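my_file18.tsv follows; it contains TSV, C-alpha atoms.
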```tsv
chain	number	residue	atom	x	y	z
A	1	ALA	CA	-108.91	-8.32	-159.89
A	2	LEU	CA	-109.42	-8.32	-163.66
A	3	PRO	CA	-113.17	-7.52	-163.79
A	4	VAL	CA	-112.71	-4.87	-161.10
A	5	LEU	CA	-109.89	-3.16	-163.00
A	6	SER	CA	-111.86	-3.37	-166.25
A	7	ALA	CA	-114.88	-1.83	-164.55
A	8	MET	CA	-112.62	1.04	-163.49
A	9	GLY	CA	-111.70	1.71	-167.11
A	10	CYS	CA	-108.26	0.10	-167.02
A	11	ASN	CA	-106.93	-1.81	-170.02
A	12	THR	CA	-105.40	-4.88	-168.38
A	13	ALA	CA	-102.89	-7.57	-169.25
A	14	VAL	CA	-102.41	-10.56	-166.98
A	15	LEU	CA	-99.16	-12.41	-166.29
A	16	PRO	CA	-100.41	-15.53	-164.49
A	17	THR	CA	-98.10	-16.78	-161.75
A	18	ALA	CA	-100.08	-19.95	-161.08
A	19	LEU	CA	-103.27	-21.76	-161.96
A	20	LEU	CA	-105.20	-22.71	-158.84
A	21	SER	CA	-108.29	-24.91	-158.64
A	22	THR	CA	-109.44	-22.85	-155.63
A	23	HIS	CA	-107.86	-20.37	-153.25
A	24	THR	CA	-105.64	-21.84	-150.56
A	25	ALA	CA	-108.21	-21.88	-147.76
A	26	PHE	CA	-109.70	-24.98	-149.39
A	27	GLU	CA	-108.07	-28.29	-148.53
A	28	SER	CA	-105.30	-29.40	-150.93
A	29	PRO	CA	-106.00	-27.13	-153.91
A	30	TYR	CA	-104.43	-28.07	-157.22
A	31	CYS	CA	-101.70	-25.59	-158.15
A	32	LYS	CA	-99.84	-25.36	-161.45
A	33	ASP	CA	-96.75	-23.21	-160.99
A	34	LEU	CA	-96.17	-21.07	-164.10
A	35	THR	CA	-92.73	-19.70	-163.26
A	36	GLN	CA	-91.23	-20.95	-166.52
A	37	GLU	CA	-93.86	-19.07	-168.53
A	38	LEU	CA	-93.32	-15.63	-166.99
A	39	LEU	CA	-90.22	-14.45	-168.84
A	40	PRO	CA	-91.31	-15.68	-172.32
A	41	ILE	CA	-94.65	-13.83	-171.94
A	42	ALA	CA	-92.99	-10.68	-170.63
A	43	ARG	CA	-90.37	-10.74	-173.40
A	44	HIS	CA	-93.12	-10.90	-176.01
A	45	TRP	CA	-94.83	-7.91	-174.37
A	46	LYS	CA	-91.54	-6.05	-174.57
A	47	LYS	CA	-91.14	-7.04	-178.21
A	48	VAL	CA	-94.55	-5.66	-179.21
A	49	GLY	CA	-93.98	-2.42	-177.31
A	50	ALA	CA	-96.36	-2.93	-174.38
A	51	GLU	CA	-96.15	-0.26	-171.67
A	52	PHE	CA	-97.83	-0.10	-168.28
A	53	ASP	CA	-98.88	2.72	-165.96
A	54	VAL	CA	-99.19	0.38	-162.98
A	55	ILE	CA	-97.79	-3.12	-162.49
A	56	GLY	CA	-99.56	-5.07	-159.75
A	57	VAL	CA	-97.90	-8.07	-158.10
A	58	GLY	CA	-100.07	-10.41	-156.05
A	59	TYR	CA	-99.96	-14.13	-155.21
A	60	LEU	CA	-96.66	-15.86	-155.89
A	61	ALA	CA	-96.48	-19.65	-155.97
A	62	SER	CA	-92.85	-20.08	-154.85
A	63	PRO	CA	-89.76	-18.22	-153.61
A	64	GLU	CA	-88.13	-18.74	-157.00
A	65	GLN	CA	-91.05	-17.01	-158.64
A	66	ALA	CA	-90.39	-13.82	-156.71
A	67	GLU	CA	-86.91	-13.70	-158.25
A	68	THR	CA	-88.37	-14.19	-161.74
A	69	VAL	CA	-90.92	-11.43	-161.18
A	70	ALA	CA	-88.09	-9.12	-160.15
A	71	ARG	CA	-86.45	-9.80	-163.52
A	72	VAL	CA	-89.71	-9.00	-165.31
A	73	LEU	CA	-89.94	-5.67	-163.47
A	74	GLU	CA	-86.51	-4.67	-164.81
A	75	ASP	CA	-87.93	-4.55	-168.34
A	76	PHE	CA	-90.88	-2.23	-167.69
A	77	SER	CA	-91.38	1.20	-166.21
A	78	GLY	CA	-94.48	2.21	-164.29
A	79	ILE	CA	-95.68	2.26	-160.69
A	80	VAL	CA	-95.05	-1.11	-159.04
A	81	ALA	CA	-97.72	-2.07	-156.49
A	82	VAL	CA	-97.01	-5.21	-154.44
A	83	ASP	CA	-99.67	-7.01	-152.45
A	84	PRO	CA	-97.52	-9.50	-150.46
A	85	VAL	CA	-100.10	-12.29	-150.31
A	86	MET	CA	-98.89	-14.63	-147.56
A	87	GLY	CA	-101.41	-14.88	-144.73
A	88	ASP	CA	-104.11	-13.29	-142.59
A	89	HIS	CA	-105.46	-13.33	-139.03
A	90	GLY	CA	-102.00	-14.23	-137.72
A	91	LYS	CA	-101.65	-17.36	-139.85
A	92	LEU	CA	-99.77	-18.25	-143.04
A	93	TYR	CA	-101.65	-19.40	-146.10
A	94	ALA	CA	-101.07	-23.00	-147.16
A	95	GLY	CA	-97.72	-23.51	-148.87
A	96	ILE	CA	-96.08	-20.31	-147.60
A	97	THR	CA	-92.64	-21.00	-146.08
A	98	PRO	CA	-89.95	-18.84	-144.40
A	99	ALA	CA	-88.05	-18.91	-147.71
A	100	HIS	CA	-91.17	-17.59	-149.44
A	101	THR	CA	-91.46	-14.76	-146.92
A	102	ALA	CA	-87.80	-13.81	-147.42
A	103	ALA	CA	-88.17	-13.76	-151.20
A	104	VAL	CA	-91.30	-11.61	-151.03
A	105	ALA	CA	-89.54	-9.23	-148.64
A	106	LYS	CA	-86.76	-8.79	-151.19
A	107	LEU	CA	-89.30	-8.12	-153.92
A	108	CYS	CA	-91.04	-5.52	-151.73
A	109	ARG	CA	-87.93	-3.36	-151.96
A	110	ARG	CA	-88.73	-2.82	-155.65
A	111	ALA	CA	-92.24	-1.53	-154.90
A	112	ASN	CA	-93.55	2.02	-155.14
A	113	VAL	CA	-96.76	0.96	-153.38
A	114	LEU	CA	-97.02	-1.74	-150.69
A	115	LEU	CA	-100.39	-3.22	-149.69
A	116	PRO	CA	-99.88	-5.65	-146.79
A	117	ASN	CA	-102.46	-6.69	-144.27
A	118	VAL	CA	-101.44	-6.69	-140.59
A	119	THR	CA	-100.33	-10.34	-140.63
A	120	GLU	CA	-98.19	-9.85	-143.73
A	121	ALA	CA	-96.63	-6.67	-142.37
A	122	CYS	CA	-95.70	-8.56	-139.19
A	123	LEU	CA	-94.10	-11.35	-141.24
A	124	LEU	CA	-92.14	-8.93	-143.40
A	125	THR	CA	-90.86	-6.82	-140.51
A	126	GLY	CA	-90.28	-9.53	-137.91
A	127	THR	CA	-92.95	-8.03	-135.64
A	128	SER	CA	-94.79	-10.31	-133.22
A	129	TYR	CA	-98.45	-10.60	-134.19
A	130	THR	CA	-101.00	-9.69	-131.53
A	131	GLU	CA	-104.73	-10.33	-131.32
A	132	ASP	CA	-105.25	-7.05	-129.44
A	133	PRO	CA	-103.39	-4.30	-131.34
A	134	ASP	CA	-103.79	-0.61	-130.60
A	135	ARG	CA	-103.04	2.56	-132.57
A	136	VAL	CA	-99.45	2.65	-131.34
A	137	PHE	CA	-98.90	-0.93	-132.60
A	138	TYR	CA	-100.27	-0.05	-136.03
A	139	GLU	CA	-98.19	3.12	-136.24
A	140	LYS	CA	-94.99	1.24	-135.37
A	141	LEU	CA	-95.86	-1.49	-137.88
A	142	LEU	CA	-96.46	1.10	-140.60
A	143	GLU	CA	-93.15	2.77	-139.77
A	144	ALA	CA	-91.37	-0.59	-140.03
A	145	MET	CA	-92.95	-1.22	-143.45
A	146	ARG	CA	-91.76	2.19	-144.67
A	147	LYS	CA	-88.17	0.97	-144.29
A	148	PHE	CA	-88.65	-1.15	-147.42
A	149	GLY	CA	-88.42	2.13	-149.33
A	150	ALA	CA	-91.83	2.33	-150.98
A	151	GLU	CA	-93.24	5.84	-151.28
A	152	THR	CA	-96.71	4.60	-150.36
A	153	VAL	CA	-97.62	1.97	-147.78
A	154	ILE	CA	-101.25	1.07	-147.06
A	155	LEU	CA	-101.84	-1.31	-144.16
A	156	THR	CA	-105.18	-3.15	-144.20
A	157	GLY	CA	-107.11	-4.89	-141.44
A	158	VAL	CA	-106.58	-1.95	-139.07
A	159	SER	CA	-109.24	-1.71	-136.33
A	160	LEU	CA	-109.04	1.51	-134.33
A	161	ALA	CA	-112.31	1.09	-132.44
A	162	PRO	CA	-114.77	-1.72	-131.63
A	163	GLY	CA	-117.00	-2.52	-134.60
A	164	GLN	CA	-114.70	-0.77	-137.09
A	165	THR	CA	-112.01	-1.84	-139.52
A	166	GLY	CA	-110.06	-0.11	-142.24
A	167	VAL	CA	-106.65	1.12	-143.24
A	168	MET	CA	-103.67	3.12	-142.08
A	169	GLY	CA	-101.26	4.47	-144.65
A	170	PHE	CA	-98.38	6.74	-145.53
A	171	ASP	CA	-98.39	8.57	-148.85
A	172	GLY	CA	-94.85	9.90	-148.92
A	173	GLN	CA	-95.72	12.99	-146.92
A	174	LYS	CA	-98.24	12.17	-144.22
A	175	THR	CA	-99.92	9.34	-142.35
A	176	PHE	CA	-103.65	8.78	-142.81
A	177	SER	CA	-106.28	6.35	-141.58
A	178	TYR	CA	-109.84	5.49	-142.53
A	179	GLN	CA	-112.43	3.22	-140.90
A	180	THR	CA	-115.58	1.48	-142.11
A	181	GLN	CA	-118.10	-0.75	-140.38
A	182	GLN	CA	-116.69	-4.13	-139.35
A	183	LEU	CA	-119.19	-6.79	-140.36
A	184	PRO	CA	-119.48	-10.08	-138.39
A	185	ARG	CA	-118.58	-12.49	-141.17
A	186	VAL	CA	-115.54	-14.00	-142.83
A	187	CYS	CA	-115.36	-13.37	-146.57
A	188	HIS	CA	-112.60	-14.61	-148.85
A	189	GLY	CA	-111.18	-12.45	-151.63
A	190	THR	CA	-111.62	-9.05	-150.03
A	191	GLY	CA	-107.87	-8.41	-149.89
A	192	ASP	CA	-107.56	-9.04	-153.62
A	193	LEU	CA	-110.47	-6.68	-154.29
A	194	PHE	CA	-108.96	-3.98	-152.09
A	195	ALA	CA	-105.61	-4.17	-153.89
A	196	ALA	CA	-107.29	-4.10	-157.31
A	197	VAL	CA	-109.30	-0.96	-156.49
A	198	VAL	CA	-106.22	0.81	-155.09
A	199	MET	CA	-104.24	0.01	-158.24
A	200	GLY	CA	-107.09	1.08	-160.52
A	201	ALA	CA	-107.61	4.32	-158.63
A	202	ILE	CA	-103.90	5.17	-158.67
A	203	ALA	CA	-103.80	4.47	-162.40
A	204	SER	CA	-106.73	6.89	-162.75
A	205	GLY	CA	-104.82	9.68	-161.00
A	206	LYS	CA	-106.19	9.40	-157.47
A	207	THR	CA	-103.97	10.02	-154.45
A	208	ALA	CA	-102.97	7.14	-152.21
A	209	GLU	CA	-105.44	8.26	-149.55
A	210	GLN	CA	-108.30	8.69	-152.03
A	211	SER	CA	-107.52	5.25	-153.46
A	212	ALA	CA	-107.48	3.61	-150.03
A	213	VAL	CA	-110.79	5.22	-149.03
A	214	LEU	CA	-112.48	4.15	-152.26
A	215	ALA	CA	-111.15	0.59	-151.87
A	216	ALA	CA	-112.24	0.35	-148.23
A	217	ASP	CA	-115.74	1.60	-149.02
A	218	PHE	CA	-116.04	-0.80	-151.96
A	219	VAL	CA	-114.99	-3.80	-149.87
A	220	CYS	CA	-117.46	-2.84	-147.14
A	221	ARG	CA	-120.28	-2.60	-149.69
A	222	VAL	CA	-119.26	-5.95	-151.22
A	223	ILE	CA	-119.39	-7.69	-147.84
A	224	GLN	CA	-122.80	-6.13	-147.15
A	225	ALA	CA	-124.03	-7.38	-150.54
A	226	THR	CA	-122.81	-10.93	-149.89
A	227	LYS	CA	-125.71	-12.92	-148.52
A	228	ASP	CA	-123.80	-15.63	-146.66
A	229	SER	CA	-120.26	-16.34	-145.53
A	230	SER	CA	-118.95	-18.77	-148.12
A	231	PRO	CA	-115.50	-20.13	-148.97
A	232	PHE	CA	-116.32	-19.47	-152.62
A	233	GLY	CA	-115.89	-15.73	-152.20
A	234	VAL	CA	-117.80	-12.48	-152.11
A	235	GLU	CA	-120.56	-11.26	-154.43
A	236	PHE	CA	-118.78	-8.18	-155.76
A	237	GLU	CA	-120.40	-7.97	-159.18
A	238	SER	CA	-123.45	-5.97	-158.10
A	239	GLN	CA	-121.21	-3.24	-156.69
A	240	LEU	CA	-119.19	-2.58	-159.85
A	241	PRO	CA	-121.58	0.18	-161.06
A	242	TRP	CA	-121.11	1.96	-157.71
A	243	LEU	CA	-117.34	1.67	-158.11
A	244	TRP	CA	-117.43	3.26	-161.57
A	245	GLU	CA	-119.70	6.07	-160.41
A	246	ASN	CA	-117.51	6.87	-157.41
A	247	LEU	CA	-114.17	6.63	-159.21
```
The structure given in the file should be rewritten as structure tokens.
Amino acid sequence: ALPVLSAMGCNTAVLPTALLSTHTAFESPYCKDLTQELLPIARHWKKVGAEFDVIGVGYLASPEQAETVARVLEDFSGIVAVDPVMGDHGKLYAGITPAHTAAVAKLCRRANVLLPNVTEACLLTGTSYTEDPDRVFYEKLLEAMRKFGAETVILTGVSLAPGQTGVMGFDGQKTFSYQTQQLPRVCHGTGDLFAAVVMGAIASGKTAEQSAVLAADFVCRVIQATKDSSPFGVEFESQLPWLWENL
């Protein structure tokens, strides 16, 4: 997220929730939970007068951490964008428990922008996941996510036709959708990239729909630029000039 946001002209500050040796798709990654460090760092930011246009919340290492993040949010104004990182393709990520899901759901009620994928939206709303969703399923899922109270909800991993994937969203006034080519490979990190571009675009004054379209196109280009499916992630660096030019 950090190099992407920097490439979009955003001045960033990171509040690390955990140190991970790898992402959780690897077997038994080392994880150092940094819950105890969050409030001291945030208090120092407050002391020096730091202010934020957008506050992005991503991976949380524990249910307790969600409660601590909620306390941090009380001290700062700005648009709160929550990417409820918990799972994908109908499965939970390693270490995610029902208590974790409940804590993230509570935190989502503080968000102005919600960025779940289909699996995460199902978890948060108690909707049964299906391998064969249709437009009506996505629309009902989006409507259920709107009940958390966020002005903007952008649902990712939405496939409205064979060979396509993309987003469906609500921007406070209308529903929108956008599709790109669905490429036959599994790439890790694309959800994080999507969320980062949406946050950077919103911080730059783009609408929710414009931000979602830019993020979807960027992720598609990144996957195309990645030579092989690899657990180590996508090769996004070569596409950063395109992102700046199209912002």
In Å and to one decimal, CA of Glu74 in chain A is distant from CA of Thr119 in chain A by 28.4 Å
From the options A:Leu214, A:Leu5, A:Ala144, A:Val136, which residue's atoms come nearest to Gln179 in chain A, counting only C-alpha atoms?
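Under the stated criterion, the closest residue is A:Leu214.
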Box for range 94-107 of chain A - axis-aligned, 3 Å on each of the six sides, all listed atoms - centre and size in Å to one decimal, as JSON.
```
{"center_x": -93.9, "center_y": -15.8, "center_z": -149.2, "size_x": 20.3, "size_y": 21.4, "size_z": 15.5}
```
Between A:Val197, A:Ile202, A:Ile223, A:Ala103, which is the closest to Ala66 in chain A once you count only C-alpha atoms?
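Selected residue with least distance to Ala66 in chain A: A:Ala103.
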Check the smallest atom-to-atom distance from each of A:Glu245, A:Glu139, A:Asp192, A:Glu37 to Phe170 in chain A using only C-alpha atoms, then report the winner.
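So, comparing all the options, the nearest one is A:Glu139.
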Residues within 10 Å of (-93.7, 4.1, -149.0), counting only C-alpha atoms, listed as a ChimeraX atom specification:
/A:109,111-115,142-143,145-154,169-173
Compare A:Tyr59, A:Gly163, A:Ser230, A:Glu209 by their minimum atom-to-atom distance to Gly191 in chain A, counting all atoms listed in the file, and give me the closest one.
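Ranked by minimum distance to Gly191 in chain A, first place goes to A:Tyr59.
Residues in contact with Ala1 in chain A at up to 12 Å, not including ones fewer than 3 positions away on its chain and judged by only C-alpha atoms, are Val4, Leu5, Ser6, Ala7, Met8, Cys10, Thr12, Ala13, Val14, Gly56, Val57, Gly58, Tyr59, Asp83, Gly189, Thr190, Gly191, Asp192, Leu193, Phe194, Ala195, Ala196, Val197, Val198, Met199, Gly200, Phe236, Glu237 and Leu240 of chain A.
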If we count all atoms listed in the file and set the cut-off at 7 Å, which residues sit around Leu19 in chain A, ignoring sequence neighbours fewer than 5 positions away in its own chain? Please answer as a list in words.
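In the requested format, the answer is Cys31, Lys32 and Asp33 of chain A.
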Name the residues in contact with Thr17 in chain A at a cut-off of 8 Å, using only C-alpha atoms, excluding same-chain residues fewer than 4 positions from it; report them as a ChimeraX atom specification.
/A:33-35,38,59-61,65
Residues within 12 Å of (-109.0, -9.2, -140.5), file coordinates, counting all atoms listed in the file: what are they? Give the list as a PyMOL selection string.
chain A and resi 87-91+116-120+131-133+155-159+163-167+182-191
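Nearest residue to Ala81 in chain A, choosing from A:Val213, A:Ser62, A:Phe52, A:Lys227 and counting only C-alpha atoms: A:Phe52.
Distance check against Thr207 in chain A using only C-alpha atoms: of A:Lys174, A:Arg43, A:Arg221, A:Lys140, the minimum falls on A:Lys174.
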Distance of CA of Val219 in chain A from CA of Pro241 in chain A, expressed in Å to one decimal place
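Interatomic distance, CA of Pro241 in chain A to CA of Val219 in chain A: 13.6 Å.
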With all heavy atoms as the goal, would you fill in the gaps in range 199-210 of chain A and present it as an mmCIF file, keeping the file's coordinate frame?
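So selection25.cif came out as:
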```cif
data_model
loop_
_atom_site.group_PDB
_atom_site.id
_atom_site.type_symbol
_atom_site.label_atom_id
_atom_site.label_comp_id
_atom_site.auth_asym_id
_atom_site.auth_seq_id
_atom_site.Cartn_x
_atom_site.Cartn_y
_atom_site.Cartn_z
ATOM 1 N N MET A 199 -105.050 -0.091 -157.023
ATOM 2 C CA MET A 199 -104.240 0.010 -158.240
ATOM 3 C C MET A 199 -104.998 0.747 -159.348
ATOM 4 O O MET A 199 -104.438 1.591 -160.052
ATOM 5 C CB MET A 199 -103.806 -1.381 -158.705
ATOM 6 C CG MET A 199 -102.747 -1.990 -157.812
ATOM 7 S SD MET A 199 -102.113 -3.557 -158.428
ATOM 8 C CE MET A 199 -103.444 -4.665 -157.994
ATOM 9 N N GLY A 200 -106.288 0.425 -159.494
ATOM 10 C CA GLY A 200 -107.090 1.080 -160.520
ATOM 11 C C GLY A 200 -107.258 2.562 -160.250
ATOM 12 O O GLY A 200 -107.219 3.388 -161.181
ATOM 13 N N ALA A 201 -107.430 2.917 -158.987
ATOM 14 C CA ALA A 201 -107.610 4.320 -158.630
ATOM 15 C C ALA A 201 -106.316 5.110 -158.834
ATOM 16 O O ALA A 201 -106.332 6.238 -159.339
ATOM 17 C CB ALA A 201 -108.084 4.440 -157.186
ATOM 18 N N ILE A 202 -105.190 4.514 -158.460
ATOM 19 C CA ILE A 202 -103.900 5.170 -158.670
ATOM 20 C C ILE A 202 -103.643 5.365 -160.150
ATOM 21 O O ILE A 202 -103.173 6.428 -160.592
ATOM 22 C CB ILE A 202 -102.772 4.373 -157.995
ATOM 23 C CG1 ILE A 202 -102.862 4.517 -156.468
ATOM 24 C CG2 ILE A 202 -101.398 4.832 -158.488
ATOM 25 C CD1 ILE A 202 -101.875 3.672 -155.706
ATOM 26 N N ALA A 203 -103.966 4.350 -160.951
ATOM 27 C CA ALA A 203 -103.800 4.470 -162.400
ATOM 28 C C ALA A 203 -104.686 5.568 -162.975
ATOM 29 O O ALA A 203 -104.361 6.168 -164.008
ATOM 30 C CB ALA A 203 -104.129 3.130 -163.069
ATOM 31 N N SER A 204 -105.797 5.853 -162.292
ATOM 32 C CA SER A 204 -106.730 6.890 -162.750
ATOM 33 C C SER A 204 -106.369 8.277 -162.221
ATOM 34 O O SER A 204 -107.094 9.237 -162.469
ATOM 35 C CB SER A 204 -108.157 6.529 -162.315
ATOM 36 O OG SER A 204 -108.549 5.283 -162.856
ATOM 37 N N GLY A 205 -105.276 8.384 -161.466
ATOM 38 C CA GLY A 205 -104.820 9.680 -161.000
ATOM 39 C C GLY A 205 -105.209 10.043 -159.587
ATOM 40 O O GLY A 205 -104.970 11.166 -159.146
ATOM 41 N N LYS A 206 -105.822 9.121 -158.850
ATOM 42 C CA LYS A 206 -106.190 9.400 -157.470
ATOM 43 C C LYS A 206 -104.961 9.367 -156.564
ATOM 44 O O LYS A 206 -103.974 8.695 -156.855
ATOM 45 C CB LYS A 206 -107.213 8.370 -156.964
ATOM 46 C CG LYS A 206 -108.517 8.345 -157.739
ATOM 47 C CD LYS A 206 -109.316 9.618 -157.540
ATOM 48 C CE LYS A 206 -110.688 9.525 -158.210
ATOM 49 N NZ LYS A 206 -111.436 10.799 -158.093
ATOM 50 N N THR A 207 -105.029 10.087 -155.442
ATOM 51 C CA THR A 207 -103.970 10.020 -154.450
ATOM 52 C C THR A 207 -104.033 8.683 -153.719
ATOM 53 O O THR A 207 -105.035 7.954 -153.808
ATOM 54 C CB THR A 207 -104.088 11.150 -153.426
ATOM 55 O OG1 THR A 207 -105.288 10.936 -152.639
ATOM 56 C CG2 THR A 207 -104.152 12.515 -154.110
ATOM 57 N N ALA A 208 -102.978 8.384 -152.973
ATOM 58 C CA ALA A 208 -102.970 7.140 -152.210
ATOM 59 C C ALA A 208 -104.118 7.102 -151.208
ATOM 60 O O ALA A 208 -104.793 6.079 -151.053
ATOM 61 C CB ALA A 208 -101.633 6.986 -151.484
ATOM 62 N N GLU A 209 -104.359 8.219 -150.528
ATOM 63 C CA GLU A 209 -105.440 8.260 -149.550
ATOM 64 C C GLU A 209 -106.793 8.112 -150.208
ATOM 65 O O GLU A 209 -107.656 7.349 -149.737
ATOM 66 C CB GLU A 209 -105.381 9.552 -148.739
ATOM 67 C CG GLU A 209 -106.425 9.625 -147.631
ATOM 68 C CD GLU A 209 -106.260 10.833 -146.723
ATOM 69 O OE1 GLU A 209 -105.386 11.674 -147.009
ATOM 70 O OE2 GLU A 209 -107.001 10.928 -145.728
ATOM 71 N N GLN A 210 -107.034 8.816 -151.297
ATOM 72 C CA GLN A 210 -108.300 8.690 -152.030
ATOM 73 C C GLN A 210 -108.503 7.245 -152.496
ATOM 74 O O GLN A 210 -109.620 6.708 -152.431
ATOM 75 C CB GLN A 210 -108.317 9.633 -153.224
ATOM 76 C CG GLN A 210 -108.418 11.102 -152.862
ATOM 77 C CD GLN A 210 -108.200 12.007 -154.064
ATOM 78 O OE1 GLN A 210 -107.521 11.635 -155.031
ATOM 79 N NE2 GLN A 210 -108.762 13.205 -154.013
#
```
